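*Asks:* File input-v4.cif follows (mmCIF, C-alpha atoms and all ligand atoms):
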data_work
loop_
_atom_site.label_atom_id
_atom_site.label_comp_id
_atom_site.auth_asym_id
_atom_site.auth_seq_id
_atom_site.Cartn_x
_atom_site.Cartn_y
_atom_site.Cartn_z
CA MET A 829 0.00 0.00 0.00
CA ASP A 830 1.21 3.52 -0.68
CA PRO A 831 0.70 6.40 1.83
CA PHE A 832 -2.69 7.16 0.23
CA GLY A 833 -4.09 3.66 0.66
CA ARG A 834 -3.64 2.63 -2.96
CA LYS A 835 -2.62 -0.95 -3.57
CA ILE A 836 0.50 -0.85 -5.75
CA ASP A 837 1.06 -4.23 -7.36
CA TYR A 838 1.98 -3.37 -10.95
CA LEU A 839 5.54 -2.71 -12.15
CA ARG A 840 6.28 -1.34 -15.60
CA ILE A 841 9.83 -2.17 -16.58
CA SER A 842 11.71 -0.29 -19.26
CA VAL A 843 14.25 -2.73 -20.65
CA THR A 844 15.88 -0.17 -22.95
CA ASP A 845 15.68 3.49 -23.87
CA ARG A 846 16.51 2.65 -27.51
CA CYS A 847 13.82 2.62 -30.14
CA ASN A 848 13.52 1.79 -33.83
CA GLU A 849 10.95 4.55 -34.37
CA ARG A 850 11.06 8.30 -33.78
CA CYS A 851 7.60 9.30 -32.56
CA LEU A 852 6.94 13.03 -32.50
CA TYR A 853 5.59 12.92 -28.96
CA CYS A 854 8.17 10.59 -27.42
CA MET A 855 11.64 10.48 -28.93
CA PRO A 856 11.79 12.72 -31.95
CA GLU A 857 14.42 12.54 -34.68
CA GLY A 858 17.77 13.79 -33.40
CA TYR A 859 17.22 12.77 -29.74
CA LYS A 860 20.67 12.30 -28.21
CA GLY A 861 19.97 11.53 -24.58
CA TRP A 862 20.81 7.82 -24.78
CA GLU A 863 21.92 6.01 -21.72
CA SER A 864 25.17 4.31 -22.58
CA LYS A 865 24.53 0.61 -22.95
CA PRO A 866 26.44 -0.77 -19.95
CA ASP A 867 24.21 1.38 -17.75
CA HIS A 868 21.13 -0.60 -18.73
CA LEU A 869 20.15 -3.25 -16.24
CA THR A 870 21.18 -6.72 -17.38
CA ALA A 871 18.62 -9.49 -17.80
CA ASP A 872 19.75 -11.00 -14.47
CA GLU A 873 19.39 -7.66 -12.69
CA ILE A 874 15.89 -7.13 -14.08
CA VAL A 875 14.83 -10.62 -13.05
CA ARG A 876 16.26 -10.07 -9.57
CA VAL A 877 14.29 -6.84 -9.16
CA VAL A 878 11.15 -8.68 -10.29
CA ARG A 879 11.80 -11.40 -7.69
CA VAL A 880 12.17 -8.85 -4.91
CA THR A 881 9.09 -6.86 -5.99
CA ALA A 882 7.07 -10.08 -6.26
CA GLY A 883 8.13 -10.77 -2.67
CA LEU A 884 6.67 -7.38 -1.73
CA GLY A 885 3.33 -8.22 -3.35
CA PHE A 886 3.75 -6.99 -6.93
CA ARG A 887 1.78 -9.30 -9.22
CA LYS A 888 1.55 -7.68 -12.67
CA PHE A 889 4.47 -6.73 -14.84
CA ARG A 890 4.82 -5.00 -18.19
CA LEU A 891 7.95 -4.75 -20.28
CA THR A 892 8.27 -1.52 -22.18
CA GLY A 893 10.84 1.01 -23.30
CA GLY A 894 12.00 2.62 -25.64
CA GLU A 895 11.12 -0.31 -27.80
CA PRO A 896 11.54 -3.50 -25.76
CA LEU A 897 11.82 -5.70 -28.84
CA VAL A 898 15.09 -4.11 -29.96
CA ARG A 899 16.61 -5.95 -27.00
CA PRO A 900 17.33 -9.56 -28.05
CA ASP A 901 17.07 -11.13 -24.59
CA VAL A 902 13.42 -10.16 -23.97
CA PRO A 903 12.00 -13.70 -24.46
CA GLU A 904 14.61 -14.99 -22.00
CA ILE A 905 13.66 -12.28 -19.47
CA ILE A 906 9.96 -13.15 -19.83
CA ARG A 907 10.64 -16.85 -19.36
CA ALA A 908 12.64 -16.17 -16.18
CA MET A 909 9.98 -13.78 -14.82
CA ASN A 910 7.27 -16.37 -15.31
CA ARG A 911 9.16 -18.81 -13.07
CA ILE A 912 9.08 -16.41 -10.11
CA PRO A 913 6.48 -17.23 -7.42
CA GLY A 914 3.90 -14.44 -7.18
CA VAL A 915 4.25 -13.24 -10.76
CA GLU A 916 0.72 -13.44 -12.17
CA SER A 917 1.08 -11.77 -15.52
CA VAL A 918 3.83 -10.56 -17.80
CA ASN A 919 2.72 -8.26 -20.61
CA LEU A 920 4.51 -6.06 -23.12
CA SER A 921 4.07 -2.76 -24.98
CA THR A 922 5.55 -2.50 -28.45
CA ASN A 923 5.42 -0.39 -31.56
CA GLY A 924 4.86 -3.65 -33.46
CA MET A 925 7.73 -3.21 -35.93
CA LYS A 926 9.32 -6.54 -34.97
CA LEU A 927 6.20 -8.35 -33.90
CA SER A 928 5.69 -10.40 -37.03
CA VAL A 929 8.96 -12.19 -36.25
CA LEU A 930 8.76 -12.20 -32.47
CA ALA A 931 5.08 -12.68 -31.57
CA GLN A 932 5.23 -16.48 -31.46
CA PRO A 933 8.56 -16.72 -29.56
CA LEU A 934 7.17 -14.23 -27.03
CA ARG A 935 3.97 -16.20 -26.63
CA ASP A 936 6.03 -19.39 -26.23
CA ALA A 937 8.06 -17.64 -23.51
CA GLY A 938 4.85 -17.06 -21.56
CA LEU A 939 3.93 -13.50 -22.50
CA ARG A 940 0.21 -13.05 -21.75
CA SER A 941 -0.74 -9.98 -23.77
CA VAL A 942 0.63 -7.26 -26.01
CA ASN A 943 -0.26 -3.60 -26.48
CA VAL A 944 0.64 -2.30 -29.90
CA SER A 945 0.99 1.41 -30.67
CA LEU A 946 -0.92 2.38 -33.80
CA ASP A 947 -1.36 6.13 -34.25
CA ALA A 948 -2.65 6.03 -37.82
CA LEU A 949 -3.52 3.59 -40.60
CA ASP A 950 -2.65 5.91 -43.44
CA PRO A 951 1.00 5.07 -44.33
CA VAL A 952 1.97 8.71 -44.91
CA ILE A 953 0.45 9.96 -41.65
CA TYR A 954 1.87 6.98 -39.76
CA HIS A 955 5.33 7.72 -41.14
CA ARG A 956 5.01 11.41 -40.31
CA ILE A 957 4.23 10.59 -36.67
CA THR A 958 6.64 7.71 -36.09
CA GLY A 959 9.17 7.61 -38.91
CA GLY A 960 8.12 3.96 -39.36
CA ASN A 961 6.30 1.70 -41.80
CA VAL A 962 2.69 0.93 -40.91
CA GLU A 963 2.61 -2.20 -43.08
CA LYS A 964 5.18 -3.83 -40.79
CA VAL A 965 3.07 -2.97 -37.76
CA LEU A 966 -0.11 -4.34 -39.33
CA ALA A 967 1.72 -7.55 -40.22
CA GLY A 968 2.90 -7.70 -36.60
CA ILE A 969 -0.64 -7.24 -35.29
CA ARG A 970 -1.93 -10.04 -37.55
CA THR A 971 0.85 -12.36 -36.31
CA ALA A 972 0.10 -11.47 -32.70
CA VAL A 973 -3.60 -12.23 -33.18
CA ALA A 974 -2.68 -15.59 -34.76
CA ALA A 975 -0.29 -16.34 -31.87
CA ASP A 976 -3.29 -16.48 -29.57
CA PHE A 977 -2.31 -14.02 -26.87
CA GLU A 978 -4.91 -13.60 -24.16
CA ARG A 979 -5.29 -10.03 -25.38
CA VAL A 980 -3.94 -7.73 -28.08
CA LYS A 981 -4.77 -4.05 -27.57
CA LEU A 982 -4.10 -1.04 -29.75
CA ASN A 983 -2.84 2.31 -28.41
CA CYS A 984 -3.16 5.62 -30.19
CA VAL A 985 -1.91 9.00 -28.91
CA LEU A 986 -4.42 11.77 -29.72
CA MET A 987 -2.99 14.74 -31.60
CA ARG A 988 -5.12 17.50 -33.02
CA GLY A 989 -4.25 18.32 -36.60
CA VAL A 990 -2.00 15.26 -36.83
CA ASN A 991 -4.12 12.12 -36.53
CA GLU A 992 -7.68 13.14 -35.62
CA GLN A 993 -8.87 12.21 -39.12
CA GLU A 994 -7.43 8.74 -38.49
CA LEU A 995 -9.58 8.05 -35.45
CA TRP A 996 -12.58 6.70 -37.31
CA PRO A 997 -10.51 4.44 -39.62
CA LEU A 998 -8.74 3.15 -36.50
CA VAL A 999 -12.09 2.44 -34.84
CA LEU A 1000 -13.23 0.47 -37.90
CA PHE A 1001 -9.94 -1.45 -37.94
CA ALA A 1002 -10.27 -2.25 -34.24
CA ALA A 1003 -13.87 -3.42 -34.73
CA GLU A 1004 -13.01 -5.54 -37.75
CA HIS A 1005 -10.26 -7.37 -35.85
CA GLY A 1006 -12.05 -7.48 -32.50
CA LEU A 1007 -9.23 -5.57 -30.76
CA PRO A 1008 -9.78 -2.95 -28.05
CA LEU A 1009 -8.43 0.47 -29.06
CA ARG A 1010 -7.26 2.98 -26.43
CA LEU A 1011 -7.03 6.67 -27.19
CA ILE A 1012 -4.42 8.39 -25.05
CA GLU A 1013 -4.13 12.09 -24.28
CA LEU A 1014 -0.80 13.64 -25.15
CA MET A 1015 1.32 13.91 -22.00
CA PRO A 1016 4.19 16.36 -21.41
CA VAL A 1017 6.86 13.69 -21.26
CA THR A 1018 9.20 14.85 -23.96
CA THR A 1019 10.71 18.10 -25.11
CA THR A 1020 9.34 18.68 -28.59
CA GLU A 1021 7.31 21.27 -30.39
CA VAL A 1022 4.41 18.82 -30.67
CA LEU A 1023 3.56 19.36 -26.99
CA THR A 1024 1.50 22.49 -27.50
CA GLU A 1025 -2.04 23.45 -26.55
CA LYS A 1026 -2.75 23.50 -30.27
CA ASN A 1027 -1.92 19.80 -30.68
CA PHE A 1028 -3.64 18.65 -27.53
CA LEU A 1029 -6.85 16.76 -28.30
CA PRO A 1030 -8.74 15.96 -25.10
CA CYS A 1031 -10.57 12.66 -24.69
CA GLY A 1032 -13.84 14.59 -24.36
CA GLU A 1033 -13.45 15.93 -27.87
CA ALA A 1034 -12.46 12.54 -29.26
CA ILE A 1035 -15.65 11.18 -27.72
CA GLN A 1036 -17.65 13.91 -29.47
CA LEU A 1037 -15.95 13.13 -32.79
CA LEU A 1038 -16.79 9.44 -32.52
CA ALA A 1039 -20.34 10.24 -31.36
CA GLN A 1040 -20.96 11.83 -34.77
CA LYS A 1041 -20.49 8.36 -36.29
CA ASP A 1042 -21.86 5.93 -33.72
CA GLU A 1043 -23.49 5.72 -30.31
CA LEU A 1044 -21.04 5.32 -27.43
CA ILE A 1045 -22.30 3.19 -24.59
CA PRO A 1046 -20.26 3.66 -21.36
CA GLN A 1047 -18.84 0.47 -19.88
CA PRO A 1048 -18.07 1.68 -16.33
CA ASP A 1049 -17.28 -1.79 -15.02
CA ARG A 1050 -15.12 -2.86 -17.93
CA LYS A 1051 -11.48 -3.48 -16.96
CA LEU A 1052 -9.05 -4.76 -19.58
CA GLY A 1053 -5.64 -5.29 -18.08
CA HIS A 1054 -4.43 -3.12 -15.24
CA GLY A 1055 -4.51 0.43 -16.60
CA PRO A 1056 -6.66 3.54 -16.10
CA ALA A 1057 -8.68 3.47 -19.38
CA ARG A 1058 -12.42 4.20 -19.35
CA TYR A 1059 -14.20 2.05 -21.90
CA TYR A 1060 -17.11 2.63 -24.27
CA LEU A 1061 -18.80 0.16 -26.60
CA LEU A 1062 -19.75 1.57 -29.99
CA LYS A 1063 -23.26 0.38 -30.71
CA GLN A 1064 -23.15 -0.05 -34.50
CA THR A 1065 -19.55 -1.00 -35.13
CA GLY A 1066 -19.12 -3.09 -31.96
CA ALA A 1067 -15.72 -1.49 -31.31
CA LEU A 1068 -14.50 -1.30 -27.72
CA ILE A 1069 -12.74 2.02 -27.20
CA GLY A 1070 -10.83 3.02 -24.06
CA PHE A 1071 -9.97 6.61 -23.19
CA ILE A 1072 -6.86 7.43 -21.19
CA GLY A 1073 -7.40 11.02 -20.09
CA ALA A 1074 -4.24 11.60 -18.10
CA LEU A 1075 -4.74 15.37 -18.20
CA THR A 1076 -8.48 15.98 -18.34
CA ASN A 1077 -9.64 13.20 -16.02
CA GLU A 1078 -9.37 14.75 -12.55
CA HIS A 1079 -9.68 11.31 -10.98
CA PHE A 1080 -6.90 9.79 -13.09
CA CYS A 1081 -4.49 9.06 -10.25
CA GLU A 1082 -7.04 7.84 -7.71
CA GLN A 1083 -6.82 4.23 -8.84
CA CYS A 1084 -3.11 4.26 -9.67
CA ASN A 1085 -1.61 0.85 -9.01
CA LYS A 1086 1.87 1.12 -10.49
CA MET A 1087 5.51 2.05 -10.18
CA ARG A 1088 8.14 2.10 -12.91
CA LEU A 1089 11.64 0.72 -13.25
CA THR A 1090 13.72 2.72 -15.72
CA ALA A 1091 16.18 1.09 -18.11
CA ASP A 1092 19.04 2.45 -16.01
CA GLY A 1093 17.69 0.95 -12.82
CA LYS A 1094 15.81 3.76 -11.08
CA VAL A 1095 12.48 3.07 -9.42
CA ARG A 1096 10.09 5.82 -10.38
CA PRO A 1097 6.92 5.90 -8.29
CA CYS A 1098 5.07 8.25 -10.69
CA LEU A 1099 5.51 9.01 -14.40
CA GLY A 1100 4.61 12.66 -13.86
CA ASN A 1101 6.95 13.39 -10.94
CA HIS A 1102 10.74 13.49 -10.94
CA VAL A 1103 11.25 11.46 -7.77
CA GLU A 1104 13.39 8.37 -8.40
CA VAL A 1105 15.19 5.87 -6.17
CA ASP A 1106 18.41 4.32 -7.48
CA LEU A 1107 18.41 0.53 -7.47
CA ARG A 1108 21.24 0.03 -9.93
CA ALA A 1109 23.92 1.32 -7.57
CA ALA A 1110 22.68 -1.06 -4.88
CA LEU A 1111 22.47 -3.96 -7.34
CA ARG A 1112 26.06 -3.36 -8.41
CA HIS A 1113 27.48 -2.86 -4.94
CA GLY A 1114 26.48 -6.18 -3.45
CA ALA A 1115 23.18 -5.20 -1.79
CA ASP A 1116 21.24 -8.18 -0.49
CA ASP A 1117 17.53 -8.67 -1.19
CA GLY A 1118 16.61 -7.06 2.13
CA ALA A 1119 18.41 -3.85 1.13
CA LEU A 1120 16.70 -3.83 -2.28
CA LYS A 1121 13.37 -4.34 -0.56
CA LYS A 1122 14.03 -1.32 1.65
CA LEU A 1123 14.79 0.86 -1.39
CA LEU A 1124 11.57 -0.29 -3.06
CA GLU A 1125 9.63 0.48 0.11
CA THR A 1126 11.21 3.95 0.16
CA ALA A 1127 10.03 4.51 -3.42
CA LEU A 1128 6.54 3.35 -2.44
CA ARG A 1129 6.48 5.82 0.46
CA LEU A 1130 7.51 8.62 -1.92
CA LYS A 1131 4.70 7.92 -4.38
CA PRO A 1132 2.81 11.21 -4.75
CA LEU A 1133 -0.94 11.57 -4.63
CA GLU A 1134 -1.09 12.92 -8.18
CA HIS A 1135 1.07 13.53 -11.23
CA GLN A 1136 2.34 17.05 -11.92
CA PHE A 1137 1.31 17.21 -15.59
CA ARG A 1138 -1.14 20.05 -15.06
CA ASN A 1139 1.41 22.23 -13.22
CA GLN A 1140 3.79 23.46 -15.94
CA TYR A 1141 5.56 20.12 -15.71
CA GLN A 1142 9.07 20.04 -17.22
CA PRO A 1143 9.88 16.50 -18.39
CA CYS A 1144 13.69 16.44 -17.78
CA ARG A 1145 13.93 12.78 -18.75
CA PRO A 1146 11.77 11.98 -21.80
CA MET A 1147 9.32 9.08 -21.92
CA THR A 1148 11.79 6.89 -23.76
CA ALA A 1149 14.22 7.08 -20.84
CA ILE A 1150 11.56 6.43 -18.20
CA GLY A 1151 9.50 3.77 -19.93
CA GLY A 1152 5.96 4.35 -21.14
N1 LIG B 1201 7.78 1.38 -27.94
C1 LIG B 1201 6.69 0.80 -27.21
C2 LIG B 1201 5.35 1.26 -27.75
O1 LIG B 1201 5.33 1.88 -28.82
O2 LIG B 1201 4.34 0.93 -27.14
C3 LIG B 1201 6.75 1.00 -25.71
C4 LIG B 1201 7.15 2.34 -25.19
S1 LIG B 1201 6.03 3.66 -25.56
C5 LIG B 1201 6.84 4.97 -24.70
C6 LIG B 1201 4.61 3.24 -24.56
C7 LIG B 1201 3.38 4.03 -24.84
O3 LIG B 1201 3.60 5.37 -24.46
C8 LIG B 1201 2.93 4.06 -26.29
O4 LIG B 1201 1.59 3.69 -26.39
C9 LIG B 1201 3.14 5.49 -26.67
O5 LIG B 1201 2.24 5.87 -27.66
C10 LIG B 1201 2.93 6.21 -25.34
N2 LIG B 1201 3.49 7.55 -25.31
C11 LIG B 1201 4.75 7.93 -25.58
N3 LIG B 1201 4.90 9.27 -25.45
C12 LIG B 1201 3.70 9.75 -25.09
C13 LIG B 1201 3.20 11.05 -24.80
N4 LIG B 1201 3.97 12.14 -24.92
N5 LIG B 1201 1.91 11.17 -24.42
C14 LIG B 1201 1.12 10.08 -24.33
N6 LIG B 1201 1.52 8.83 -24.59
C15 LIG B 1201 2.80 8.65 -24.97
#
Could you write out this structure as C-alpha cells?
*Replies:*
Amino acid sequence: MDPFGRKIDYLRISVTDRCNERCLYCMPEGYKGWESKPDHLTADEIVRVVRVTAGLGFRKFRLTGGEPLVRPDVPEIIRAMNRIPGVESVNLSTNGMKLSVLAQPLRDAGLRSVNVSLDALDPVIYHRITGGNVEKVLAGIRTAVAADFERVKLNCVLMRGVNEQELWPLVLFAAEHGLPLRLIELMPVTTTEVLTEKNFLPCGEAIQLLAQKDELIPQPDRKLGHGPARYYLLKQTGALIGFIGALTNEHFCEQCNKMRLTADGKVRPCLGNHVEVDLRAALRHGADDGALKKLLETALRLKPLEHQFRNQYQPCRPMTAIGG
C-alpha cells in the first residue's frame, strides 16, 4: 500500500531506452539523450528486481521502453519472470515493428498480452508521426492475433491536426479485428514542439468526434488489463474504445496501481513526478535482497498523490528514458 491507501502491485519495466521509431511525442528525430549501454540493467538484474518486488506483493508486470523488442534477450527475461512465485502476468508494450517475427517466440516464452501502438492507418500519416512503416506494424498485429495471446490491444496517442482524421478508420480497424483500441491524451513527457495546446486533443473531444459516427455506450465496469482506461462500446460497429485522459480526467491518479523501473535501474513511483530511487547502484554494490526491498519500500512511500502534468511540468527525462 502507498501512503494514500492505494494498492501498488503493478511494475512497468523499461528494458531499454533505444527505439527503432522516432515518434513526435516521445523520442523525436535527433534525440541524443541515450543512456550508454552498460548502464542498462542486465537481464539477471531485471529478473532479480522482479523477484524482490514479487516478494513485496507486486503481481503484474509490463515490459516496455523505448522499444523493448530491440533488445534480443526479452524472451529470456519473460521466461525467467514467469518462473518467479507471485508473478501473475507478464505483458509487453511495443510499436509492433518486430512483432511479425517475435510474436510467437514471445507467446512461447509465456507472454500473456501485447499492447501495440498504432497512431494512424494511413502510411503517410503513420510515417510522419513515427518515422516507421505501418505495413510492418499491421503484419505484426496479424501475427500477434494468430499467436493467440490472451489479449492484443491497440494504443493511439491523440494529436489535433495530426491524426484526428485517423480516429474513425482506427475504430473500424479495431472493430473488424475485434481488438480494443485505447485513445491516449498527449502527456508532457518529452521536449518537442508537438507538446502544445494546439496539438492537444482531449478525450472529451475525441468522444464527441466518434459520437458523430456511432453511439457510445459507457462500460463503467469494464477493466481490460491493469490500466486507467475508461471504456465505451460503440453500438453499430461493436468497437470497444478506451480513453486514457491523463490530463483531463481529474480522478486519473485515484486508482493508480503502479511504479516504474527505468532502463538504467531507477524506481520511479510516478511518471509525472521526478522522484526516483536508485536501485542500480545497490544492485552493483552487493546489496542483499533485504536492502533492495528497503529501497523499493522507500520509493513506495515517496509515491505522490497525483502527477504534476497540469502544473507546468518540465519532463527532464523523456518518456523513452523512463519507460511508457
Ligand atoms: N515502444 C513501445 C510502444 O510503442 O508501445 C513502448 C514504449 S512507448 C513509450 C509506450 C506508450 O507510451 C505508447 O503507447 C506510446 O504511444 C505512449 N506515449 C509515448 N509518449 C507519449 C506522450 N507524450 N503522451 C502520451 N503517450 C505517450
*Asks:* Find the residue from A:Pro1008, A:Pro913, A:Pro896, A:Pro1030 that sits nearest to A:Gly1070; use all atoms listed in the file when measuring.
*Replies:* A:Pro1008
*Asks:* Please return as a PyMOL selection string the residues found within 6 Å of ligand LIG 1201 (chain B), counting all atoms listed in the file.
*Replies:* chain A and resi 853-854+892-895+921-923+944-945+983-985+1012-1018+1147-1148+1151-1152
*Asks:* Show which residues sit within 12 Å of A:Gly959, as a PDB file with C-alpha atoms, keeping the file's coordinate frame. Count all atoms listed in the file, and ignore same-chain residues fewer than 6 positions away.
*Replies:*
ATOM      1  CA  CYS A 847      13.820   2.620 -30.140  1.00  0.00           C
ATOM      2  CA  ASN A 848      13.520   1.790 -33.830  1.00  0.00           C
ATOM      3  CA  GLU A 849      10.950   4.550 -34.370  1.00  0.00           C
ATOM      4  CA  ARG A 850      11.060   8.300 -33.780  1.00  0.00           C
ATOM      5  CA  CYS A 851       7.600   9.300 -32.560  1.00  0.00           C
ATOM      6  CA  LEU A 852       6.940  13.030 -32.500  1.00  0.00           C
ATOM      7  CA  TYR A 853       5.590  12.920 -28.960  1.00  0.00           C
ATOM      8  CA  CYS A 854       8.170  10.590 -27.420  1.00  0.00           C
ATOM      9  CA  MET A 855      11.640  10.480 -28.930  1.00  0.00           C
ATOM     10  CA  PRO A 856      11.790  12.720 -31.950  1.00  0.00           C
ATOM     11  CA  GLU A 857      14.420  12.540 -34.680  1.00  0.00           C
ATOM     12  CA  GLY A 858      17.770  13.790 -33.400  1.00  0.00           C
ATOM     13  CA  ASN A 923       5.420  -0.390 -31.560  1.00  0.00           C
ATOM     14  CA  MET A 925       7.730  -3.210 -35.930  1.00  0.00           C
ATOM     15  CA  ASP A 947      -1.360   6.130 -34.250  1.00  0.00           C
ATOM     16  CA  ALA A 948      -2.650   6.030 -37.820  1.00  0.00           C
ATOM     17  CA  PRO A 951       1.000   5.070 -44.330  1.00  0.00           C
ATOM     18  CA  VAL A 952       1.970   8.710 -44.910  1.00  0.00           C
ATOM     19  CA  ILE A 953       0.450   9.960 -41.650  1.00  0.00           C
TER      20      ILE A 953
END
*Asks:* Closest to A:Thr1065 among A:Leu1038, A:Met829, A:Met909, A:Leu1000, using all atoms listed in the file?
*Replies:*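 Closest candidate: A:Leu1000.
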*Asks:* What does the structure give for the distance between atom CA of A:Gly883 and atom CA of A:Met1087, in Å to one decimal?
*Replies:*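 Computed distance, atom CA of A:Gly883 to atom CA of A:Met1087, equals 15.1 Å.
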*Asks:* Could you please determine the separation between atom CA of A:Ser928 and atom CA of A:Val965 in Å, to one decimal place?
*Replies:*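 These two atoms are separated by 7.9 Å.
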*Asks:* Compile a residue-level contact table for stretch 867-974 of chain A against stretch 1041-1059 of chain A at a cut-off of 12 Å, reporting for every qualifying residue the shortest atom pair and its distance in Å to one decimal, with only C-alpha atoms counted, rows ordered by chain and ascending number, as JSON lines.
*Replies:*
{"residue": "A:Arg887", "atom": "CA", "partner": "A:His1054", "partner_atom": "CA", "distance": 10.6}
{"residue": "A:Lys888", "atom": "CA", "partner": "A:His1054", "partner_atom": "CA", "distance": 7.9}
{"residue": "A:Phe889", "atom": "CA", "partner": "A:His1054", "partner_atom": "CA", "distance": 9.6}
{"residue": "A:Arg890", "atom": "CA", "partner": "A:His1054", "partner_atom": "CA", "distance": 9.9}
{"residue": "A:Glu916", "atom": "CA", "partner": "A:Gly1053", "partner_atom": "CA", "distance": 11.9}
{"residue": "A:Ser917", "atom": "CA", "partner": "A:Gly1053", "partner_atom": "CA", "distance": 9.7}
{"residue": "A:Val918", "atom": "CA", "partner": "A:Gly1053", "partner_atom": "CA", "distance": 10.8}
{"residue": "A:Asn919", "atom": "CA", "partner": "A:Gly1053", "partner_atom": "CA", "distance": 9.2}
{"residue": "A:Leu920", "atom": "CA", "partner": "A:Gly1053", "partner_atom": "CA", "distance": 11.4}
{"residue": "A:Arg940", "atom": "CA", "partner": "A:Gly1053", "partner_atom": "CA", "distance": 10.4}
{"residue": "A:Ser941", "atom": "CA", "partner": "A:Gly1053", "partner_atom": "CA", "distance": 8.9}
{"residue": "A:Val942", "atom": "CA", "partner": "A:Gly1053", "partner_atom": "CA", "distance": 10.3}
{"residue": "A:Asn943", "atom": "CA", "partner": "A:Gly1053", "partner_atom": "CA", "distance": 10.1}
*Asks:* Check the smallest atom-to-atom distance from each of A:Leu1061, A:Leu1037, A:Leu1130, A:Cys1144 to A:Thr1019 using only C-alpha atoms, then report the winner.
*Replies:*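 Checking each candidate against A:Thr1019, we get A:Cys1144 as the closest.
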*Asks:* Could you give me, as a tab-separated table, a per-residue list for stretch 1004-1108 of chain A showing, wherever an atom lies at most 6 Å from an atom of stretch 841-845 of chain A, the closest pair of atoms and their distance in Å to one decimal, using all atoms listed in the file and sorting by chain then residue number from low to high?
*Replies:*
residue	atom	partner	partner_atom	distance
A:Arg1088	CA	A:Ile841	CA	5.9
A:Leu1089	CA	A:Ile841	CA	4.8
A:Thr1090	CA	A:Ser842	CA	5.1
A:Ala1091	CA	A:Ser842	CA	4.8
*Asks:* Record the distance separating atom CA of A:Asp1116 and atom CA of A:Leu1128, expressed in Å with one decimal.
*Replies:* 18.8 Å
*Asks:* Between A:Ala1039, A:Cys1084, A:Met987, A:Val999, which is the closest to A:Thr1024 once you count all atoms listed in the file?
*Replies:* A:Met987
*Asks:* Show me as a ChimeraX atom specification the residues that reach within 12 Å of (-2.9, 8.8, -13.2), counting all atoms listed in the file and using the file's own coordinates.
*Replies:* /A:834,1012-1013,1015,1055-1057,1072-1087,1097-1101,1131-1138
*Asks:* Filtering to C-alpha atoms, could you give me those residues as a short mmCIF file (atom, residue, chain, number, x, y, z; two decimals), keeping the file's coordinate frame?
*Replies:*
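Contents of the output file out_32.cif:
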data_model
loop_
_atom_site.label_atom_id
_atom_site.label_comp_id
_atom_site.auth_asym_id
_atom_site.auth_seq_id
_atom_site.Cartn_x
_atom_site.Cartn_y
_atom_site.Cartn_z
CA ARG A 834 -3.64 2.63 -2.96
CA ILE A 1012 -4.42 8.39 -25.05
CA GLU A 1013 -4.13 12.09 -24.28
CA MET A 1015 1.32 13.91 -22.00
CA GLY A 1055 -4.51 0.43 -16.60
CA PRO A 1056 -6.66 3.54 -16.10
CA ALA A 1057 -8.68 3.47 -19.38
CA ILE A 1072 -6.86 7.43 -21.19
CA GLY A 1073 -7.40 11.02 -20.09
CA ALA A 1074 -4.24 11.60 -18.10
CA LEU A 1075 -4.74 15.37 -18.20
CA THR A 1076 -8.48 15.98 -18.34
CA ASN A 1077 -9.64 13.20 -16.02
CA GLU A 1078 -9.37 14.75 -12.55
CA HIS A 1079 -9.68 11.31 -10.98
CA PHE A 1080 -6.90 9.79 -13.09
CA CYS A 1081 -4.49 9.06 -10.25
CA GLU A 1082 -7.04 7.84 -7.71
CA GLN A 1083 -6.82 4.23 -8.84
CA CYS A 1084 -3.11 4.26 -9.67
CA ASN A 1085 -1.61 0.85 -9.01
CA LYS A 1086 1.87 1.12 -10.49
CA MET A 1087 5.51 2.05 -10.18
CA PRO A 1097 6.92 5.90 -8.29
CA CYS A 1098 5.07 8.25 -10.69
CA LEU A 1099 5.51 9.01 -14.40
CA GLY A 1100 4.61 12.66 -13.86
CA ASN A 1101 6.95 13.39 -10.94
CA LYS A 1131 4.70 7.92 -4.38
CA PRO A 1132 2.81 11.21 -4.75
CA LEU A 1133 -0.94 11.57 -4.63
CA GLU A 1134 -1.09 12.92 -8.18
CA HIS A 1135 1.07 13.53 -11.23
CA GLN A 1136 2.34 17.05 -11.92
CA PHE A 1137 1.31 17.21 -15.59
CA ARG A 1138 -1.14 20.05 -15.06
#
*Asks:* Excluding A:Leu884 and residues on its chain fewer than 4 positions from it, collect all residues at most 10 Å away from it, counting all atoms listed in the file, and give them as a count of residues only.
*Replies:* 9
